[in-house]
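A.B. asks: mmCIF, C-alpha atoms, saved as entry35.cif, coming up:
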data_final
loop_
_atom_site.label_atom_id
_atom_site.label_comp_id
_atom_site.auth_asym_id
_atom_site.auth_seq_id
_atom_site.Cartn_x
_atom_site.Cartn_y
_atom_site.Cartn_z
CA MET F 1 111.26 96.54 71.47
CA LEU F 2 108.66 98.21 69.23
CA GLN F 3 106.93 94.89 68.61
CA ARG F 4 106.65 94.28 72.34
CA PHE F 5 105.35 97.81 72.91
CA LYS F 6 102.51 97.15 70.48
CA LYS F 7 101.42 94.21 72.67
CA ILE F 8 100.73 96.39 75.72
CA ASP F 9 97.19 95.76 76.98
CA GLY F 10 95.16 98.77 75.85
CA VAL F 11 92.31 97.99 78.25
CA ILE F 12 94.63 98.29 81.26
CA VAL F 13 96.01 101.59 79.95
CA VAL F 14 92.49 102.98 79.48
CA VAL F 15 91.43 101.86 82.97
CA LEU F 16 94.51 103.49 84.49
CA LEU F 17 93.74 106.73 82.64
CA MET F 18 90.15 106.65 83.92
CA LEU F 19 91.33 106.03 87.48
CA MET F 20 93.75 108.94 87.11
CA ALA F 21 90.92 111.21 85.98
CA ILE F 22 88.73 110.15 88.92
CA SER F 23 91.59 110.71 91.34
CA ILE F 24 92.47 114.18 90.07
CA LEU F 25 88.84 115.33 89.93
CA SER F 26 88.14 113.98 93.41
CA ILE F 27 91.22 115.58 94.94
CA TYR F 28 90.37 118.90 93.29
CA SER F 29 86.83 118.72 94.65
CA VAL F 30 87.96 118.45 98.27
CA THR F 31 90.97 120.79 98.17
CA HIS F 32 89.96 123.74 95.97
CA GLY F 33 89.92 127.04 97.79
CA ARG F 34 91.51 125.56 100.91
CA LYS F 35 94.98 125.37 102.40
CA ASP F 36 95.63 122.21 100.37
CA ASP F 37 94.56 123.81 97.10
CA GLY F 38 96.81 122.68 94.25
CA LEU F 39 97.30 119.09 95.34
CA HIS F 40 95.55 117.97 92.17
CA ILE F 41 98.40 119.52 90.20
CA GLN F 42 100.92 117.62 92.30
CA MET F 43 98.88 114.48 91.71
CA ILE F 44 99.13 115.01 87.95
CA LYS F 45 102.91 115.16 88.35
CA TRP F 46 102.94 111.97 90.42
CA TYR F 47 100.84 110.23 87.81
CA GLY F 48 103.30 111.44 85.19
CA VAL F 49 106.10 109.76 87.12
CA GLY F 50 103.87 106.72 87.56
CA PHE F 51 103.23 106.35 83.83
CA VAL F 52 106.96 106.63 83.16
CA ALA F 53 107.47 103.78 85.64
CA PHE F 54 104.60 101.86 84.06
CA PHE F 55 105.89 102.01 80.49
CA GLY F 56 109.53 101.67 81.55
CA LEU F 57 108.91 98.50 83.55
CA SER F 58 106.57 97.18 80.85
CA LEU F 59 109.53 97.05 78.46
CA PHE F 60 111.94 95.75 81.13
CA ASP F 61 112.26 91.98 81.45
CA TYR F 62 110.63 91.22 84.81
CA ARG F 63 112.63 88.01 85.11
CA LEU F 64 115.74 90.03 85.84
CA LEU F 65 113.97 91.54 88.85
CA VAL F 66 113.12 88.03 90.05
CA LYS F 67 116.70 86.90 89.48
CA TYR F 68 118.10 89.60 91.77
CA ALA F 69 115.15 89.73 94.18
CA HIS F 70 117.27 88.57 97.14
CA TYR F 71 119.50 91.64 96.87
CA ILE F 72 116.47 93.91 96.49
CA TYR F 73 114.88 92.30 99.55
CA ILE F 74 117.95 92.80 101.74
CA LEU F 75 118.20 96.44 100.65
CA GLY F 76 114.49 96.97 101.32
CA VAL F 77 114.66 95.52 104.84
CA GLY F 78 117.68 97.70 105.53
CA ILE F 79 115.76 100.81 104.51
CA LEU F 80 112.82 99.81 106.71
CA VAL F 81 115.14 99.42 109.70
CA VAL F 82 116.70 102.83 109.05
CA VAL F 83 113.26 104.43 108.85
CA SER F 84 112.39 102.93 112.25
CA PHE F 85 115.11 105.14 113.77
CA VAL F 86 115.18 108.30 111.65
CA GLY F 87 111.78 108.30 109.95
CA LYS F 88 109.33 111.15 110.28
CA VAL F 89 106.09 110.53 112.20
CA LYS F 90 102.80 111.10 110.36
CA ASN F 91 99.35 110.08 111.60
CA GLY F 92 100.93 108.17 114.47
CA ALA F 93 103.27 106.06 112.30
CA ARG F 94 107.03 106.51 112.02
CA GLY F 95 107.43 105.47 108.43
CA TRP F 96 108.43 108.44 106.29
CA LEU F 97 111.73 109.52 104.80
CA GLU F 98 112.32 113.13 103.82
CA ILE F 99 114.66 113.28 100.81
CA GLY F 100 115.22 116.53 98.95
CA GLY F 101 111.85 117.92 99.90
CA LEU F 102 110.07 114.69 98.92
CA SER F 103 108.27 112.56 101.50
CA LEU F 104 108.61 108.83 100.78
CA GLN F 105 107.05 105.85 102.58
CA PRO F 106 109.33 102.79 102.26
CA ALA F 107 106.66 100.48 103.75
CA GLU F 108 104.59 101.10 100.59
CA LEU F 109 107.55 100.25 98.39
CA PHE F 110 108.26 97.09 100.34
CA LYS F 111 104.94 95.55 99.30
CA LEU F 112 106.30 95.24 95.78
CA ILE F 113 109.70 94.09 97.07
CA LEU F 114 108.04 91.36 99.14
CA ILE F 115 106.12 90.11 96.11
CA LEU F 116 109.38 89.85 94.16
CA ALA F 117 111.12 88.05 97.02
CA LEU F 118 108.37 85.50 97.57
CA ALA F 119 108.02 84.89 93.83
CA ALA F 120 111.79 84.29 93.60
CA LEU F 121 111.55 81.66 96.33
CA LEU F 122 108.48 79.98 94.87
CA VAL F 123 109.79 79.82 91.32
CA ARG F 124 112.60 77.45 92.29
CA LYS F 125 110.25 75.04 94.05
CA ASN F 126 109.10 71.85 92.41
CA LYS F 127 105.62 71.95 90.96
CA GLY F 128 104.27 69.76 93.75
CA GLU F 129 102.62 70.90 96.95
CA LEU F 130 104.57 73.09 99.35
CA LEU F 131 106.16 71.29 102.29
CA PHE F 132 105.66 72.87 105.70
CA TRP F 133 109.21 73.09 107.10
CA ARG F 134 111.05 73.36 103.80
CA ASP F 135 108.73 75.79 102.05
CA VAL F 136 105.95 77.34 104.14
CA VAL F 137 108.11 78.29 107.14
CA PRO F 138 110.92 80.00 105.12
CA LEU F 139 108.36 81.90 103.02
CA SER F 140 106.54 83.00 106.17
CA LEU F 141 109.74 84.22 107.79
CA VAL F 142 110.53 86.32 104.71
CA ALA F 143 107.20 88.11 105.24
CA LEU F 144 107.25 88.19 109.04
CA LEU F 145 110.54 90.08 109.26
CA PRO F 146 109.29 93.25 107.50
CA PHE F 147 105.90 92.76 109.19
CA ALA F 148 107.57 93.05 112.61
CA VAL F 149 109.61 96.10 111.57
CA VAL F 150 106.58 97.95 110.19
CA ILE F 151 104.44 97.06 113.22
CA ILE F 152 107.13 98.68 115.37
CA GLN F 153 106.69 101.77 113.20
CA ASN F 154 102.98 101.75 114.17
CA ASP F 155 101.89 101.18 110.56
CA LEU F 156 99.25 98.48 110.95
CA GLY F 157 97.77 98.89 107.47
CA ASN F 158 100.93 98.19 105.47
CA ALA F 159 102.05 95.48 107.91
CA LEU F 160 98.81 93.55 107.37
CA SER F 161 99.22 93.88 103.61
CA TYR F 162 102.41 91.80 103.86
CA MET F 163 100.45 88.97 105.46
CA VAL F 164 97.77 89.14 102.77
CA ILE F 165 100.43 88.96 100.06
CA LEU F 166 101.99 85.96 101.81
CA VAL F 167 98.64 84.15 102.01
CA GLY F 168 97.90 84.84 98.35
CA LEU F 169 101.24 83.49 97.20
CA LEU F 170 101.11 80.45 99.49
CA TRP F 171 97.72 79.66 97.98
CA ILE F 172 98.85 79.96 94.35
CA GLY F 173 102.07 78.15 95.30
CA ARG F 174 99.96 75.11 96.18
CA ILE F 175 100.01 74.94 99.93
CA LYS F 176 98.57 71.66 101.20
CA TRP F 177 94.89 71.73 102.06
CA SER F 178 95.62 70.42 105.54
CA HIS F 179 98.13 73.20 106.19
CA ALA F 180 95.73 75.79 104.78
CA LEU F 181 92.93 74.51 107.01
CA ILE F 182 95.14 74.56 110.11
CA GLY F 183 96.28 78.09 109.26
CA LEU F 184 92.69 79.20 108.71
CA ILE F 185 91.60 77.76 112.06
CA ILE F 186 94.50 79.40 113.90
CA PHE F 187 94.03 82.75 112.16
CA GLY F 188 90.25 82.71 112.50
CA GLY F 189 90.50 81.70 116.16
CA ALA F 190 92.99 84.49 116.85
CA ILE F 191 90.78 87.11 115.17
CA PHE F 192 87.65 85.89 116.95
CA GLY F 193 89.49 85.75 120.27
CA PHE F 194 90.81 89.27 119.84
CA ILE F 195 87.41 90.71 118.89
CA TYR F 196 85.64 88.89 121.73
CA SER F 197 88.25 89.99 124.27
CA TYR F 198 88.27 93.57 123.01
CA ILE F 199 84.50 93.88 123.32
CA ASN F 200 84.03 92.00 126.60
CA TYR F 201 87.28 93.01 128.34
CA HIS F 202 87.65 96.44 126.83
CA GLU F 203 89.43 98.14 129.71
CA GLN F 204 92.02 95.40 130.11
CA MET F 205 92.67 95.24 126.36
CA THR F 206 93.03 99.00 125.95
CA ASN F 207 95.39 99.14 128.92
CA PHE F 208 97.46 96.37 127.40
CA LEU F 209 97.65 98.05 123.97
CA SER F 210 98.24 101.60 125.17
CA GLU F 211 100.35 101.09 128.28
CA THR F 212 101.95 97.64 128.17
CA ILE F 213 103.07 97.62 124.54
CA GLY F 214 102.78 101.35 123.83
CA ARG F 215 100.27 101.16 120.98
CA LYS F 216 97.69 103.73 122.03
CA HIS F 217 97.33 104.56 118.35
CA PHE F 218 95.75 101.13 117.79
CA VAL F 219 93.10 101.80 120.42
CA ALA F 220 91.99 104.87 118.48
CA ARG F 221 91.51 102.62 115.44
CA PHE F 222 89.81 99.65 117.12
CA ASP F 223 87.36 101.53 119.37
CA PRO F 224 85.26 103.10 116.55
CA TRP F 225 85.16 99.73 114.79
CA LEU F 226 84.34 97.32 117.64
CA VAL F 227 82.88 99.46 120.43
CA PRO F 228 81.70 102.73 118.81
CA GLU F 229 79.58 103.55 121.86
CA LEU F 230 82.76 103.68 123.97
CA ALA F 231 84.95 105.48 121.45
CA SER F 232 85.83 109.09 122.12
CA SER F 233 84.38 111.74 119.83
CA ASP F 234 87.86 112.46 118.49
CA ASP F 235 88.59 108.81 117.68
CA SER F 236 85.28 108.25 115.89
CA TYR F 237 85.07 111.68 114.24
CA GLN F 238 86.47 110.72 110.84
CA THR F 239 84.71 107.38 110.35
CA ARG F 240 81.39 108.68 111.71
CA ASN F 241 81.31 111.65 109.35
CA ALA F 242 82.53 109.54 106.44
CA LYS F 243 79.61 107.11 106.97
CA ILE F 244 77.21 110.06 106.97
CA ALA F 245 78.71 111.33 103.71
CA ILE F 246 78.52 107.91 102.03
CA ALA F 247 74.91 107.40 103.15
CA SER F 248 73.82 110.86 102.02
CA GLY F 249 75.04 110.20 98.47
CA GLY F 250 72.06 108.00 97.70
CA LEU F 251 71.74 106.56 94.21
CA SER F 252 73.18 109.33 92.04
CA GLY F 253 74.94 111.58 94.55
CA GLU F 254 74.62 115.24 95.48
CA GLY F 255 76.62 116.43 92.48
CA TYR F 256 80.28 117.15 91.77
CA MET F 257 81.70 119.67 94.24
CA LYS F 258 78.30 119.82 95.98
CA GLY F 259 78.68 117.18 98.71
CA GLY F 260 77.41 118.63 101.97
CA SER F 261 79.78 116.76 104.27
CA VAL F 262 82.90 116.70 102.12
CA GLN F 263 82.65 120.35 101.07
CA SER F 264 82.07 121.54 104.63
CA GLY F 265 85.37 120.03 105.79
CA LYS F 266 83.81 117.64 108.29
CA ILE F 267 86.16 114.81 107.26
CA PRO F 268 89.86 115.53 107.97
CA VAL F 269 92.46 115.10 105.19
CA LEU F 270 89.75 113.80 102.90
CA TYR F 271 92.07 113.67 99.89
CA THR F 272 94.11 110.78 101.34
CA ASP F 273 92.63 107.51 102.58
CA ALA F 274 89.05 108.88 102.98
CA ILE F 275 88.63 109.88 99.33
CA PHE F 276 85.96 107.20 98.82
CA ALA F 277 83.60 109.30 100.96
CA GLN F 278 83.82 112.11 98.39
CA ILE F 279 83.09 109.75 95.51
CA ALA F 280 80.12 108.15 97.29
CA GLU F 281 78.59 111.44 98.44
CA GLU F 282 79.02 113.43 95.25
CA PHE F 283 78.47 110.60 92.72
CA GLY F 284 76.35 108.24 94.81
CA PHE F 285 75.98 104.50 94.45
CA VAL F 286 76.37 104.81 90.67
CA GLY F 287 79.76 106.51 90.98
CA ALA F 288 80.99 104.11 93.65
CA ALA F 289 79.84 101.13 91.57
CA LEU F 290 81.63 102.49 88.49
CA LEU F 291 84.85 102.81 90.50
CA LEU F 292 84.53 99.21 91.73
CA LEU F 293 83.83 98.10 88.15
CA LEU F 294 87.09 99.69 87.00
CA PHE F 295 88.95 97.88 89.77
CA PHE F 296 87.26 94.63 88.73
CA ILE F 297 88.28 95.08 85.08
CA LEU F 298 91.86 95.87 86.09
CA ILE F 299 92.16 92.79 88.32
CA HIS F 300 90.41 90.58 85.75
CA ARG F 301 92.91 91.59 83.06
CA MET F 302 95.78 90.89 85.46
CA ILE F 303 94.46 87.41 86.21
CA MET F 304 94.08 86.72 82.48
CA ILE F 305 97.74 87.69 82.00
CA ALA F 306 98.72 85.24 84.75
CA LEU F 307 96.70 82.43 83.17
CA GLU F 308 98.29 82.97 79.76
CA CYS F 309 101.86 83.23 81.06
CA ARG F 310 104.13 80.30 80.10
CA GLU F 311 106.87 81.13 82.60
CA ARG F 312 106.56 80.24 86.30
CA ALA F 313 107.54 83.50 88.01
CA GLY F 314 104.99 85.63 86.14
CA PRO F 315 101.83 84.18 87.73
CA PHE F 316 103.36 84.46 91.21
CA LEU F 317 104.05 88.15 90.65
CA ILE F 318 100.57 88.80 89.28
CA ILE F 319 98.76 87.00 92.11
CA GLY F 320 100.88 88.82 94.68
CA MET F 321 99.90 92.16 93.17
CA VAL F 322 96.24 91.13 92.91
CA ALA F 323 96.28 90.21 96.62
CA MET F 324 97.89 93.57 97.42
CA LEU F 325 95.27 95.54 95.47
CA LEU F 326 92.28 93.55 96.75
CA TYR F 327 93.41 94.02 100.35
CA GLN F 328 93.86 97.77 99.90
CA ILE F 329 90.49 98.20 98.20
CA PHE F 330 88.60 96.11 100.77
CA GLU F 331 90.38 97.60 103.77
CA ASN F 332 90.05 101.21 102.61
CA ILE F 333 86.38 101.09 101.67
CA GLY F 334 85.52 98.67 104.48
CA ALA F 335 86.95 101.03 107.10
CA TYR F 336 84.47 103.75 106.12
CA ILE F 337 81.39 101.54 106.05
CA GLY F 338 82.13 99.82 109.37
CA LEU F 339 83.45 96.46 108.12
CA MET F 340 87.11 96.99 108.97
CA PRO F 341 89.19 99.07 111.40
CA LEU F 342 90.65 102.30 110.14
CA THR F 343 94.32 101.65 109.33
CA GLY F 344 95.18 104.59 107.10
CA ILE F 345 95.68 102.47 104.00
CA THR F 346 95.24 104.34 100.71
CA LEU F 347 92.65 103.56 98.03
CA PRO F 348 94.78 102.36 95.09
CA PHE F 349 95.18 104.84 92.22
CA ILE F 350 92.68 107.27 93.82
CA SER F 351 94.03 108.57 97.15
CA TYR F 352 96.61 111.32 97.15
CA GLY F 353 100.12 110.06 97.78
CA GLY F 354 103.20 110.02 95.60
CA THR F 355 104.72 106.80 96.92
CA SER F 356 101.43 104.94 96.64
CA ILE F 357 100.73 106.05 93.07
CA VAL F 358 104.23 105.34 91.78
CA ILE F 359 104.37 101.90 93.45
CA ASN F 360 100.95 100.91 92.15
CA MET F 361 101.81 102.09 88.65
CA ALA F 362 105.15 100.27 88.83
CA SER F 363 103.25 97.13 89.85
CA MET F 364 101.06 97.46 86.78
CA GLY F 365 104.21 97.92 84.70
CA ILE F 366 105.61 94.64 86.01
CA ALA F 367 102.26 92.97 85.27
CA MET F 368 102.52 94.29 81.71
CA SER F 369 106.08 93.00 81.49
CA VAL F 370 104.72 89.55 82.34
CA LEU F 371 102.38 89.91 79.37
CA LEU F 372 105.19 90.98 77.03
CA TYR F 373 107.93 88.60 78.19
CA GLY F 374 106.02 85.75 79.81
CA GLN F 375 105.49 83.93 76.52
CA ASP F 376 109.20 83.33 75.90
CA VAL F 377 110.24 79.70 75.76
CA GLU F 378 111.93 78.32 78.85
CA GLU F 379 115.42 78.04 77.37
CA ASN F 380 115.52 81.80 76.74
CA LEU F 381 114.89 82.66 80.38
CA PRO F 382 117.57 84.23 82.62
CA ALA F 383 119.28 82.00 85.19
CA PRO F 384 116.99 81.08 88.10
CA ALA F 385 117.06 83.10 91.30
CA VAL F 386 119.65 82.06 93.84
CA TYR F 387 118.79 80.98 97.37
CA PHE F 388 118.20 83.62 100.03
#
Can the structure in the file be given as structure tokens, please?
C.D. replies:
Amino acid sequence: MLQRFKKIDGVIVVVLLMLMAISILSIYSVTHGRKDDGLHIQMIKWYGVGFVAFFGLSLFDYRLLVKYAHYIYILGVGILVVVSFVGKVKNGARGWLEIGGLSLQPAELFKLILILALAALLVRKNKGELLFWRDVVPLSLVALLPFAVVIIQNDLGNALSYMVILVGLLWIGRIKWSHALIGLIIFGGAIFGFIYSYINYHEQMTNFLSETIGRKHFVARFDPWLVPELASSDDSYQTRNAKIAIASGGLSGEGYMKGGSVQSGKIPVLYTDAIFAQIAEEFGFVGAALLLLLFFILIHRMIMIALECRERAGPFLIIGMVAMLLYQIFENIGAYIGLMPLTGITLPFISYGGTSIVINMASMGIAMSVLLYGQDVEENLPAPAVYF
């Protein structure tokens, strides 16, 4: 145990500590002296729990998680279904469980569960290319089931993350080029068709989303992104002011706790998914670039772990987590610079949120477990995962 502990990647630990410091300082900057004052202390506690999960899972053989992934998946889907009926509504999404004074978001947890489930299915495949009906369709169904449940909860951000994880694992699982091309054409055509229809047939599309399928919440997210000139002032308020804050940061920023927009309270609940606006305004391009550099180092180290792993499940887990993190980073930052719709997804390791921090830290713990246990020879591995 001690020998394995000594092999923990120090660079990843340092990066996580730096991200923790950025998160706590940023949250303090936008909450001090306000009704949310003290959230930075709560964030320190969540990070404490997160580091316990990180080191605990680092020393836990990840292959056991893969072995029993089918049970974990069934339990996770069950929890998602329960939340659809009894969950608490926040920001238009019914996806929160209140347990003993704690507010938990199972859809965040399920991202990690889905990675385990898909890895368990892929690890028992032959090393050849994935077959469409035997491999691609079952894997897709495993992701589409929670996707449908979370969409019903009105949580577009987390639902889309499941699809990104699926695509990442299909790619590393060696999907055929022809299947990948067909999927890309279908997906690209659907996205283009939706954007074209939303812009050119705006009234019909908004009526369909808000009245026919009861997703008025989606209209509030798509309008500021695709047709900002038609969006209501309330719908575009957050993204508009966030863009102003990011632009005003310039090269070196306005100074810590001196951002004009973020300190004046023009951006609602800034400490959650809009925290990047604080970093960009108060630390400028230099601060934002440093944050992206830390994310790059973290993901690079994860990919290196995957490349050095001698066991098959490890790389699948790593790539699934890399896909999850890349999606969250791109979607979160992209939403506030006009590249993506606002979906309420958190910025990994930075935004306030207990469930998000603990899950992301647990993911890094599993990645570290791949480093510590992924070099074992094949005959020492646990029994392979059973069929779903």
A.B. asks: Residues at most 10 Å from Phe316 in chain F, counting only C-alpha atoms, excluding those fewer than 2 positions away in the same chain, as a ChimeraX atom specification?
C.D. replies: /F:115-116,118-120,122-123,168-170,172-173,306,311-314,318-322
A.B. asks: Interatomic distance between CA of Ile99 in chain F and CA of Thr31 in chain F?
C.D. replies: 25.0 Å
A.B. asks: Tell me which residues the PyMOL selection byres ((chain F and resi 143-148) around 7) grabs here, as a PyMOL selection string.
C.D. replies: chain F and resi 77+114+139-142+149-152+159+162-163+166
A.B. asks: So what do you get for CA of Ser261 in chain F versus CA of Tyr47 in chain F, distance-wise?
C.D. replies: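 Between CA of Ser261 in chain F and CA of Tyr47 in chain F the gap works out to 27.5 Å.
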A.B. asks: Env of Phe283 in chain F: 12 Å cut, atoms = only C-alpha atoms, seq-sep filter 3 positions within chain, self excluded. Answer as an MDAnalysis selection string.
C.D. replies: chainID F and resid 22 25:26 29 245:259 276:280 286:291
A.B. asks: Determine the residue membership of the PyMOL selection byres ((chain F and resi 18) around 12) for the file above and supply it as a list of chain:residue names.
C.D. replies: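 Given this file, the PyMOL selection byres ((chain F and resi 18) around 12) evaluates to F:Val11, F:Ile12, F:Val13, F:Val14, F:Val15, F:Leu16, F:Leu17, F:Leu19, F:Met20, F:Ala21, F:Ile22, F:Ser23, F:Ile24, F:Leu25, F:Tyr47, F:Leu290, F:Leu291, F:Leu293, F:Leu294, F:Phe295, F:Ile297, F:Leu298, F:Phe349, F:Ile350.
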A.B. asks: Considering only C-alpha atoms, state which residue in the set F:Gln105, F:Thr343, F:Gln3, F:Ser356 is at the smallest distance from Ile79 in chain F.
C.D. replies: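 Closest candidate: F:Gln105.
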A.B. asks: So what does the PyMOL selection byres ((chain F and resi 59) around 8) actually pick up in this one, as an NGL selection string?
C.D. replies: :F and (1 or 4-5 or 55-58 or 60-61 or 369 or 372)
A.B. asks: Go through F:Arg124, F:Trp171, F:Lys90, F:Ile8 one by one, measure the shortest atom-to-atom distance of each to Lys67 in chain F using all atoms listed in the file, and give the residue with the smallest value.
C.D. replies: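 That would be F:Arg124, the residue with the smallest distance to Lys67 in chain F.
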A.B. asks: Near Lys111 in chain F, counting all atoms listed in the file, which residues have an atom at most 8 Å away, once you skip same-chain residues fewer than 5 positions from it, shown as a ChimeraX atom specification?
C.D. replies: /F:158,161-162,324
A.B. asks: Calculate how many Å separate CA of Ile299 in chain F from CA of Gln375 in chain F, rounding to one decimal.
C.D. replies: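 Rounded to one decimal, the two atoms are 19.9 Å apart.
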A.B. asks: Show me, as a list of chain:residue names, the residues that have an atom within 7 Å of range 187-202 of chain F when counting only C-alpha atoms, minus same-chain residues fewer than 4 positions from it.
C.D. replies: F:Gly183, F:Thr206, F:Leu226, F:Val227
A.B. asks: Nearest to Gly33 in chain F among F:Gly365, F:Gly265, F:Gly10, F:Gly76, with distances taken over all atoms listed in the file: which residue is it?
C.D. replies: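 Once distances to Gly33 in chain F are computed over all atoms listed in the file, the minimum belongs to F:Gly265.
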A.B. asks: Between F:Gly284, F:Asp234, F:Leu292, F:Glu98, which has the minimum distance to Ile267 in chain F (counting only C-alpha atoms)?
C.D. replies: F:Asp234
